[in-house]
file entry.tsv (TSV, C-alpha atoms)
chain	number	residue	atom	x	y	z
O	740	MET	CA	85.64	94.97	89.59
O	741	LYS	CA	87.73	98.02	90.52
O	742	GLN	CA	85.97	98.36	93.86
O	743	ASN	CA	86.51	94.68	94.71
O	744	LYS	CA	90.25	94.99	94.01
O	745	GLU	CA	90.41	98.19	96.04
O	746	LYS	CA	88.64	96.49	98.94
O	747	GLU	CA	91.11	93.58	98.86
O	748	PHE	CA	93.99	96.06	98.81
O	749	TYR	CA	92.80	97.88	101.93
O	750	GLU	CA	91.97	94.64	103.73
O	751	GLU	CA	95.66	93.77	103.36
O	752	MET	CA	96.64	97.26	104.55
O	753	LYS	CA	94.41	97.30	107.63
O	754	ASP	CA	97.19	96.89	110.22
O	755	TRP	CA	99.84	98.90	108.42
O	756	ASP	CA	101.12	101.91	110.34
O	757	PHE	CA	102.27	104.62	107.92
O	758	SER	CA	104.16	106.37	110.71
O	759	LYS	CA	106.79	103.63	110.23
O	760	PHE	CA	107.93	105.45	107.09
O	761	GLU	CA	109.04	108.39	109.29
O	762	ILE	CA	108.04	110.92	106.62
O	763	GLU	CA	108.91	114.56	107.28
O	764	SER	CA	106.35	116.84	105.61
O	765	GLU	CA	106.59	120.50	104.65
O	766	SER	CA	103.41	122.27	103.58
O	767	LEU	CA	103.79	125.03	100.99
O	768	THR	CA	100.18	126.21	101.25
O	769	ASN	CA	98.15	127.34	104.28
O	770	TRP	CA	94.86	125.48	103.58
O	771	ASN	CA	94.47	122.92	106.38
O	772	LEU	CA	91.44	120.64	106.48
O	773	TYR	CA	91.69	119.95	110.22
O	774	GLU	CA	92.01	123.63	111.12
O	775	LEU	CA	88.92	124.41	109.02
O	776	LEU	CA	87.02	121.54	110.60
O	777	ASN	CA	87.83	122.70	114.11
O	778	LYS	CA	86.74	126.27	113.28
O	779	LEU	CA	83.41	125.13	111.81
O	780	ALA	CA	82.51	122.66	114.57
O	781	ASN	CA	81.10	123.20	118.05
O	782	LYS	CA	79.95	120.93	120.89
O	783	GLU	CA	76.60	120.27	119.18
O	784	THR	CA	78.05	119.37	115.76
O	785	ARG	CA	77.47	116.03	114.04
O	786	ILE	CA	80.25	114.97	111.65
O	787	LEU	CA	80.41	112.21	109.03
O	788	ASP	CA	83.91	111.12	107.99
O	789	LEU	CA	83.98	109.21	104.69
O	790	GLY	CA	86.90	106.88	103.98
O	791	THR	CA	88.08	106.98	107.57
O	792	GLY	CA	90.51	104.07	107.14
O	793	GLY	CA	91.91	102.99	110.51
O	794	GLY	CA	90.55	106.13	112.15
O	795	GLU	CA	93.97	107.43	113.21
O	796	LYS	CA	93.55	110.93	111.73
O	797	LEU	CA	89.97	111.24	112.95
O	798	LEU	CA	90.85	110.30	116.52
O	799	GLU	CA	93.85	112.63	116.62
O	800	TYR	CA	92.68	115.72	114.72
O	801	PHE	CA	88.86	115.84	114.79
O	802	PRO	CA	87.32	118.07	117.49
O	803	LYS	CA	85.25	116.64	120.35
O	804	VAL	CA	81.63	117.18	119.36
O	805	LYS	CA	78.16	115.71	119.85
O	806	GLU	CA	78.69	112.86	117.36
O	807	ILE	CA	81.21	111.65	114.78
O	808	VAL	CA	80.53	108.71	112.49
O	809	GLY	CA	83.56	107.35	110.65
O	810	THR	CA	82.87	105.04	107.71
O	811	ASP	CA	84.91	102.85	105.38
O	812	PHE	CA	83.91	100.10	102.97
O	813	SER	CA	86.75	97.86	104.22
O	814	GLU	CA	85.75	95.59	107.09
O	815	GLY	CA	89.42	95.23	108.05
O	816	MET	CA	89.89	98.99	108.26
O	817	ILE	CA	86.84	99.35	110.51
O	818	GLU	CA	88.19	96.59	112.75
O	819	THR	CA	91.42	98.55	113.08
O	820	ALA	CA	89.48	101.79	113.68
O	821	ASN	CA	87.52	100.21	116.53
O	822	LYS	CA	90.76	98.98	118.12
O	823	ASN	CA	92.16	102.51	117.90
O	824	LEU	CA	88.90	103.93	119.28
O	825	LYS	CA	89.13	101.70	122.35
O	826	LEU	CA	92.66	102.94	123.02
O	827	SER	CA	91.61	106.58	122.57
O	828	ARG	CA	88.69	106.33	125.04
O	829	ARG	CA	86.72	108.87	123.02
O	830	LYS	CA	82.96	108.69	123.58
O	831	ASP	CA	81.75	110.86	120.70
O	832	VAL	CA	82.98	108.54	117.90
O	833	THR	CA	81.56	105.42	116.26
O	834	PHE	CA	82.85	103.51	113.24
O	835	ARG	CA	80.87	101.50	110.72
O	836	ILE	CA	81.17	99.87	107.31
O	837	MET	CA	79.63	101.85	104.45
O	838	ASP	CA	80.10	102.25	100.70
O	839	ASN	CA	80.46	105.97	99.84
O	840	LEU	CA	78.53	105.43	96.60
O	841	ASN	CA	75.62	103.73	98.42
O	842	MET	CA	75.36	105.82	101.57
O	843	ASP	CA	73.07	104.57	104.31
O	844	VAL	CA	72.68	107.56	106.62
O	845	PRO	CA	69.70	109.76	107.62
O	846	ASP	CA	68.70	112.73	105.47
O	847	GLU	CA	69.60	116.23	106.72
O	848	TYR	CA	71.34	114.81	109.78
O	849	PHE	CA	74.99	115.92	109.68
O	850	ASP	CA	76.43	119.41	110.06
O	851	ILE	CA	79.75	118.55	108.38
O	852	VAL	CA	80.84	115.80	106.00
O	853	VAL	CA	84.56	115.15	105.57
O	854	ALA	CA	86.02	113.09	102.71
O	855	ARG	CA	89.77	112.41	102.62
O	856	ASN	CA	91.41	110.63	99.68
O	857	THR	CA	88.26	108.72	98.84
O	858	VAL	CA	85.60	108.46	96.14
O	859	THR	CA	82.42	110.44	96.81
O	860	ASP	CA	78.93	111.08	95.47
O	861	PRO	CA	78.25	114.76	96.25
O	862	LYS	CA	74.51	114.33	95.57
O	863	GLN	CA	74.22	111.76	98.36
O	864	ILE	CA	76.36	113.92	100.64
O	865	TYR	CA	74.14	116.94	99.92
O	866	LYS	CA	71.12	114.89	100.91
O	867	CYS	CA	72.49	113.90	104.33
O	868	LEU	CA	73.67	117.41	105.27
O	869	LYS	CA	71.56	119.90	107.20
O	870	LYS	CA	70.80	123.21	105.51
O	871	GLY	CA	73.89	125.38	105.94
O	872	GLY	CA	76.08	122.31	106.48
O	873	TYR	CA	79.58	121.96	105.05
O	874	LEU	CA	81.42	119.50	102.86
O	875	LEU	CA	85.22	119.32	103.23
O	876	ILE	CA	87.24	117.29	100.72
O	877	ARG	CA	90.97	116.61	100.63
O	878	GLY	CA	92.27	114.50	97.77
O	879	VAL	CA	95.32	113.51	95.74
O	880	ASP	CA	95.53	115.35	92.41
O	881	ARG	CA	96.74	114.27	88.96
O	882	ALA	CA	100.02	116.20	89.26
O	883	ASP	CA	100.96	114.42	92.48
O	884	CYS	CA	104.58	113.15	92.30
O	885	TRP	CA	104.65	114.37	88.70
O	886	SER	CA	108.40	114.12	88.14
O	887	LEU	CA	108.26	110.48	89.25
O	888	LYS	CA	105.33	109.76	86.93
O	889	LEU	CA	107.13	111.43	84.02
O	890	LEU	CA	110.17	109.25	84.62
O	891	PHE	CA	108.09	106.05	84.59
O	892	LYS	CA	105.73	107.42	81.90
O	893	MET	CA	102.79	106.16	83.93
O	894	GLY	CA	101.02	106.70	87.21
O	895	GLN	CA	97.69	107.42	88.83
O	896	GLY	CA	95.81	109.80	86.52
O	897	TYR	CA	98.88	110.23	84.28
O	898	ASN	CA	96.93	109.99	81.00
O	899	ASP	CA	93.82	111.83	82.17
O	900	LYS	CA	92.91	115.04	80.36
O	901	LYS	CA	90.85	116.26	83.30
O	902	SER	CA	92.24	116.15	86.85
O	903	ILE	CA	90.34	114.45	89.66
O	904	SER	CA	90.24	117.80	91.48
O	905	LEU	CA	88.30	119.38	88.63
O	906	ILE	CA	86.02	116.34	88.37
O	907	ASP	CA	85.24	116.57	92.08
O	908	TYR	CA	84.77	120.34	91.89
O	909	GLU	CA	82.28	120.06	89.03
O	910	ASN	CA	80.39	117.22	90.74
O	911	VAL	CA	80.07	119.27	93.94
O	912	LEU	CA	78.74	122.25	91.99
O	913	ASN	CA	76.29	120.06	90.05
O	914	ALA	CA	75.00	118.55	93.30
O	915	GLY	CA	73.66	121.97	94.31
O	916	PHE	CA	76.29	123.18	96.77
O	917	LYS	CA	77.03	126.89	96.97
O	918	ASP	CA	80.16	128.86	97.91
O	919	VAL	CA	82.30	126.08	96.46
O	920	GLU	CA	86.06	126.67	96.62
O	921	LEU	CA	88.78	124.51	95.04
O	922	VAL	CA	92.28	125.01	96.46
O	923	PRO	CA	95.52	123.43	95.11
O	924	LEU	CA	97.73	122.09	97.90
O	925	HIS	CA	101.50	121.63	97.61
O	926	GLU	CA	103.71	119.67	99.99
O	927	ARG	CA	107.23	118.31	100.15
O	928	GLU	CA	107.81	114.94	101.78
O	929	TYR	CA	111.24	113.73	102.84
O	930	PHE	CA	112.37	110.13	103.44
O	931	LYS	CA	115.40	109.30	105.56
O	932	ASN	CA	116.73	106.52	103.32
O	933	GLU	CA	116.17	104.47	100.14
O	934	TYR	CA	114.61	101.54	101.97
O	935	LEU	CA	111.80	103.61	103.52
O	936	PHE	CA	111.19	105.42	100.22
O	937	LYS	CA	110.93	102.22	98.18
O	938	GLU	CA	108.74	100.49	100.75
O	939	PHE	CA	106.42	103.50	100.73
O	940	LEU	CA	106.01	103.29	96.95
O	941	LYS	CA	105.16	99.60	97.25
O	942	LYS	CA	102.33	100.44	99.66
O	943	VAL	CA	100.69	103.29	97.75
O	944	PRO	CA	99.29	103.37	94.17
O	945	ILE	CA	101.27	106.41	92.92
O	946	ILE	CA	103.05	104.62	90.07
O	947	ALA	CA	100.06	102.70	88.76
O	948	ASP	CA	98.37	102.60	85.38
O	949	PHE	CA	95.09	103.96	86.69
O	950	SER	CA	92.75	106.56	85.21
O	951	GLU	CA	90.81	108.67	87.71
O	952	GLU	CA	88.83	110.13	84.81
O	953	LEU	CA	87.80	106.82	83.26
O	954	GLY	CA	87.81	104.64	86.35
O	955	ASP	CA	90.26	102.23	84.70
O	956	ASN	CA	91.90	99.93	87.25
O	957	LYS	CA	94.44	98.22	84.97
O	958	ASP	CA	97.43	97.20	87.10
O	959	TYR	CA	96.17	99.52	89.84
O	960	TYR	CA	97.43	97.20	92.56
O	961	SER	CA	100.56	95.98	90.82
O	962	HIS	CA	103.64	97.26	92.63
O	963	GLY	CA	106.44	96.03	90.39
O	964	LEU	CA	108.89	98.95	90.12
O	965	ASP	CA	111.74	99.41	87.65
O	966	GLU	CA	114.74	99.60	90.01
O	967	LYS	CA	116.94	101.39	87.47
O	968	LEU	CA	114.42	104.18	86.97
O	969	LEU	CA	113.73	104.38	90.67
O	970	ASN	CA	117.41	104.67	91.54
O	971	ASN	CA	117.72	107.39	88.90
O	972	TYR	CA	114.95	109.36	90.62
O	973	ILE	CA	116.53	108.87	94.04
O	974	GLN	CA	119.90	110.11	92.79
O	975	LYS	CA	118.39	113.30	91.35
O	976	ASN	CA	116.08	114.00	94.29
O	977	THR	CA	118.31	113.48	97.31
O	978	TYR	CA	118.91	116.61	99.39
O	979	ASN	CA	121.11	116.58	102.48
O	980	GLY	CA	120.80	112.81	102.64
O	981	ARG	CA	117.00	112.81	102.40
O	982	ILE	CA	114.89	111.75	99.40
O	983	ARG	CA	112.31	114.36	98.38
O	984	LEU	CA	108.89	113.64	96.95
O	985	LEU	CA	106.77	116.55	95.68
O	986	ARG	CA	103.12	116.03	96.52
O	987	ARG	CA	100.11	117.68	94.91
O	988	TYR	CA	96.79	117.54	96.72
O	989	TYR	CA	93.60	119.60	96.54
O	990	GLY	CA	91.05	120.87	98.99
O	991	ILE	CA	87.37	121.66	98.48
O	992	ILE	CA	85.06	123.45	100.86
O	993	ALA	CA	81.38	123.80	100.00
O	994	LYS	CA	78.20	124.88	101.79
O	995	LYS	CA	74.67	123.51	101.39
call {"tool": "encode", "arguments": {"input": "entry.tsv", "output": "C-alpha cells"}}
result
Amino acid sequence: MKQNKEKEFYEEMKDWDFSKFEIESESLTNWNLYELLNKLANKETRILDLGTGGGEKLLEYFPKVKEIVGTDFSEGMIETANKNLKLSRRKDVTFRIMDNLNMDVPDEYFDIVVARNTVTDPKQIYKCLKKGGYLLIRGVDRADCWSLKLLFKMGQGYNDKKSISLIDYENVLNAGFKDVELVPLHEREYFKNEYLFKEFLKKVPIIADFSEELGDNKDYYSHGLDEKLLNNYIQKNTYNGRIRLLRRYYGIIAKK
C-alpha cells in the first residue's frame, strides 16, 4: 500500500523542476557523494544509480564511464529522465523502470552502486556488485528539519526510536559489506521568500506522519499545513530576509 501511494506521488511529481525553488545551500560537512563517485570511477566503470528520479543529478554530476544504468520505479520519472537524457546527448547512460526491492540486474556486474534518498535492499545490491565494488548511499535522516518537526509535533521519522541512517548502516553491515562508514551530513538551506518556502513544503514529505522504522505511511502524502505554526517558524527562522531550513542527511560508503 505504501509503495503504491509513493508511486502515485512521484508520478505527479515527474515534471516538477526543483530548481524553481531557488534554494541556496550551505554544506557544513565535507563528505560529498559526487566527489567520492568521481574519485572511485574510471573510463571502464559500470555504475547503477538507484532512485534516479528524473535523472537530473546523474546527468550533471556522474562521471563519463563505460556504462551507467539509472533506475526508478516510477514510469513517469523514467519518461522525464529519458527526455533529459536526449537533451544531454550522453551516450554512456540508459534509464529503466525497476523496483529497488526486486532488483532485476546481472550478478557481479557493477563496479559502483549509488542510492540517493531511496529505499534499498543491501543484500541485493551486494549480489550485483563485483568483488571490490562500492556502495554509496545518501539519505535524509530522522533529525532533518528537526526544529520544524518539533513545532508541528510530527514529521518523517519523528516518533522513531532508531534513525533511518542507523537502520541502513546495520543492513549494509549485515549484507556482508566491509569497510562500512556512516557519516552525518549537515546543511543549511535558504529560501528567498515565504511563497517558495511554503510551496517547497507542499512538495516534499518533511512534515508527514510517517515512520521510517515501522514503514507506516499514515498521511504520508497529505500536505495540509497549519499556517499559524508555519508562520511562527518563518518568523523565528528568517535571516537577512531569507528563510533558513536546517537539513540533516547521512552518507554511507561500503566496499564488497
call {"tool": "closest_residue", "arguments": {"input": "entry.tsv", "among": "O:Ile876, O:Val832, O:Leu905, O:Ile982", "to": "Val808 (chain O)", "atoms": "all atoms listed in the file"}}
result
O:Val832
call {"tool": "residues_near_point", "arguments": {"input": "entry.tsv", "point": "(83.9, 106.0, 98.0)", "cutoff": "8 Å", "atoms": "only C-alpha atoms", "output": "list in words"}}
result
Leu789, Gly790, Phe812, Asp838, Asn839, Leu840, Thr857, Val858, Thr859 and Asp860 of chain O
call {"tool": "closest_residue", "arguments": {"input": "entry.tsv", "among": "O:Phe801, O:Phe916, O:Tyr848, O:Tyr988", "to": "Lys862 (chain O)", "atoms": "only C-alpha atoms"}}
result
O:Phe916
call {"tool": "closest_residue", "arguments": {"input": "entry.tsv", "among": "O:Val804, O:Leu969, O:Leu921, O:Leu797", "to": "Lys941 (chain O)", "atoms": "all atoms listed in the file"}}
result
O:Leu969
call {"tool": "closest_residue", "arguments": {"input": "entry.tsv", "among": "O:Glu920, O:Asp965, O:Asp850, O:Asp831", "to": "Phe891 (chain O)", "atoms": "only C-alpha atoms"}}
result
O:Asp965
call {"tool": "residues_around", "arguments": {"input": "entry.tsv", "residues": "Ile851 (chain O)", "least_positions_apart": "6", "cutoff": "8 Å", "atoms": "only C-alpha atoms", "output": "ChimeraX atom specification"}}
result
/O:780,784-787,868,872-875
call {"tool": "write_last_selection", "arguments": {"input": "entry.tsv", "atoms": "C-alpha atoms", "output": "PDB file, in the frame of the given file"}}
result
ATOM      1  CA  ALA O 780      82.510 122.660 114.570  1.00  0.00           C
ATOM      2  CA  THR O 784      78.050 119.370 115.760  1.00  0.00           C
ATOM      3  CA  ARG O 785      77.470 116.030 114.040  1.00  0.00           C
ATOM      4  CA  ILE O 786      80.250 114.970 111.650  1.00  0.00           C
ATOM      5  CA  LEU O 787      80.410 112.210 109.030  1.00  0.00           C
ATOM      6  CA  LEU O 868      73.670 117.410 105.270  1.00  0.00           C
ATOM      7  CA  GLY O 872      76.080 122.310 106.480  1.00  0.00           C
ATOM      8  CA  TYR O 873      79.580 121.960 105.050  1.00  0.00           C
ATOM      9  CA  LEU O 874      81.420 119.500 102.860  1.00  0.00           C
ATOM     10  CA  LEU O 875      85.220 119.320 103.230  1.00  0.00           C
TER      11      LEU O 875
END
call {"tool": "closest_residue", "arguments": {"input": "entry.tsv", "among": "O:Cys867, O:Phe939, O:Thr810, O:Asn932", "to": "Ser758 (chain O)", "atoms": "all atoms listed in the file"}}
result
O:Phe939
call {"tool": "atom_distance", "arguments": {"input": "entry.tsv", "atom1": "CA of Trp770 (chain O)", "atom2": "CA of Ile903 (chain O)"}}
result
18.3 Å
call {"tool": "residues_around", "arguments": {"input": "entry.tsv", "residues": "Gly793 (chain O)", "least_positions_apart": "6", "cutoff": "6 Å", "atoms": "all atoms listed in the file", "output": "PDB file with C-alpha atoms, keeping the file's coordinate frame"}}
result
ATOM      1  CA  MET O 816      89.890  98.990 108.260  1.00  0.00           C
ATOM      2  CA  THR O 819      91.420  98.550 113.080  1.00  0.00           C
ATOM      3  CA  ALA O 820      89.480 101.790 113.680  1.00  0.00           C
TER       4      ALA O 820
END
call {"tool": "atom_distance", "arguments": {"input": "entry.tsv", "atom1": "CA of Asp883 (chain O)", "atom2": "CA of Ser813 (chain O)"}}
result
24.8 Å
call {"tool": "atom_distance", "arguments": {"input": "entry.tsv", "atom1": "CA of Val879 (chain O)", "atom2": "CA of Asn769 (chain O)"}}
result
16.5 Å
call {"tool": "residues_around", "arguments": {"input": "entry.tsv", "residues": "Ile973 (chain O)", "least_positions_apart": "2", "cutoff": "9 Å", "atoms": "all atoms listed in the file", "output": "list in words"}}
result
Glu933, Phe936, Leu968, Leu969, Asn970, Asn971, Lys975, Asn976, Thr977, Ile982 and Arg983 of chain O
call {"tool": "closest_residue", "arguments": {"input": "entry.tsv", "among": "O:Leu889, O:Val911, O:Ala882, O:Val943", "to": "Gln863 (chain O)", "atoms": "all atoms listed in the file"}}
result
O:Val911
call {"tool": "residues_around", "arguments": {"input": "entry.tsv", "residues": "Val922 (chain O)", "least_positions_apart": "2", "cutoff": "10 Å", "atoms": "all atoms listed in the file", "output": "count of residues only"}}
result
13
call {"tool": "residues_around", "arguments": {"input": "entry.tsv", "residues": "Lys782 (chain O)", "least_positions_apart": "5", "cutoff": "10 Å", "atoms": "only C-alpha atoms", "output": "PyMOL selection string"}}
result
chain O and resi 802-806
call {"tool": "build_atoms", "arguments": {"input": "entry.tsv", "residues": "region 915-934 of chain O", "atoms": "N, CA and C atoms", "output": "compact mmCIF listing (two decimals), in the coordinates of the input"}}
result
# COMPACT_ATOMS: atom_id res chain seq x y z
N GLY O 915 74.46 120.89 93.74
CA GLY O 915 73.66 121.97 94.31
C GLY O 915 74.33 122.76 95.41
N PHE O 916 75.58 122.43 95.74
CA PHE O 916 76.29 123.18 96.77
C PHE O 916 76.57 124.61 96.31
N LYS O 917 76.69 125.51 97.27
CA LYS O 917 77.03 126.89 96.97
C LYS O 917 78.34 127.24 97.67
N ASP O 918 78.88 128.40 97.32
CA ASP O 918 80.16 128.86 97.91
C ASP O 918 81.22 127.77 97.83
N VAL O 919 81.36 127.18 96.64
CA VAL O 919 82.30 126.08 96.46
C VAL O 919 83.68 126.63 96.10
N GLU O 920 84.69 126.24 96.87
CA GLU O 920 86.06 126.67 96.62
C GLU O 920 86.96 125.46 96.39
N LEU O 921 87.79 125.55 95.34
CA LEU O 921 88.78 124.51 95.04
C LEU O 921 90.17 125.11 95.25
N VAL O 922 90.98 124.46 96.09
CA VAL O 922 92.28 125.01 96.46
C VAL O 922 93.38 123.98 96.16
N PRO O 923 94.39 124.34 95.33
CA PRO O 923 95.52 123.43 95.11
C PRO O 923 96.43 123.42 96.34
N LEU O 924 96.88 122.24 96.72
CA LEU O 924 97.73 122.09 97.90
C LEU O 924 99.07 121.48 97.49
N HIS O 925 100.15 122.08 97.96
CA HIS O 925 101.50 121.63 97.61
C HIS O 925 102.26 121.26 98.87
N GLU O 926 102.91 120.11 98.85
CA GLU O 926 103.71 119.67 99.99
C GLU O 926 105.00 119.02 99.52
N ARG O 927 106.01 119.08 100.36
CA ARG O 927 107.23 118.31 100.15
C ARG O 927 107.30 117.24 101.24
N GLU O 928 107.62 116.02 100.82
CA GLU O 928 107.81 114.94 101.78
C GLU O 928 109.24 114.44 101.67
N TYR O 929 109.85 114.18 102.81
CA TYR O 929 111.24 113.73 102.84
C TYR O 929 111.34 112.37 103.53
N PHE O 930 112.14 111.47 102.89
CA PHE O 930 112.37 110.13 103.44
C PHE O 930 113.84 110.01 103.85
N LYS O 931 114.07 109.37 104.98
CA LYS O 931 115.40 109.30 105.56
C LYS O 931 116.37 108.42 104.77
N ASN O 932 115.84 107.41 104.06
CA ASN O 932 116.73 106.52 103.32
C ASN O 932 115.99 105.83 102.18
N GLU O 933 116.74 105.13 101.31
CA GLU O 933 116.17 104.47 100.14
C GLU O 933 115.18 103.38 100.53
N TYR O 934 115.49 102.65 101.58
CA TYR O 934 114.61 101.54 101.97
C TYR O 934 113.21 102.04 102.30
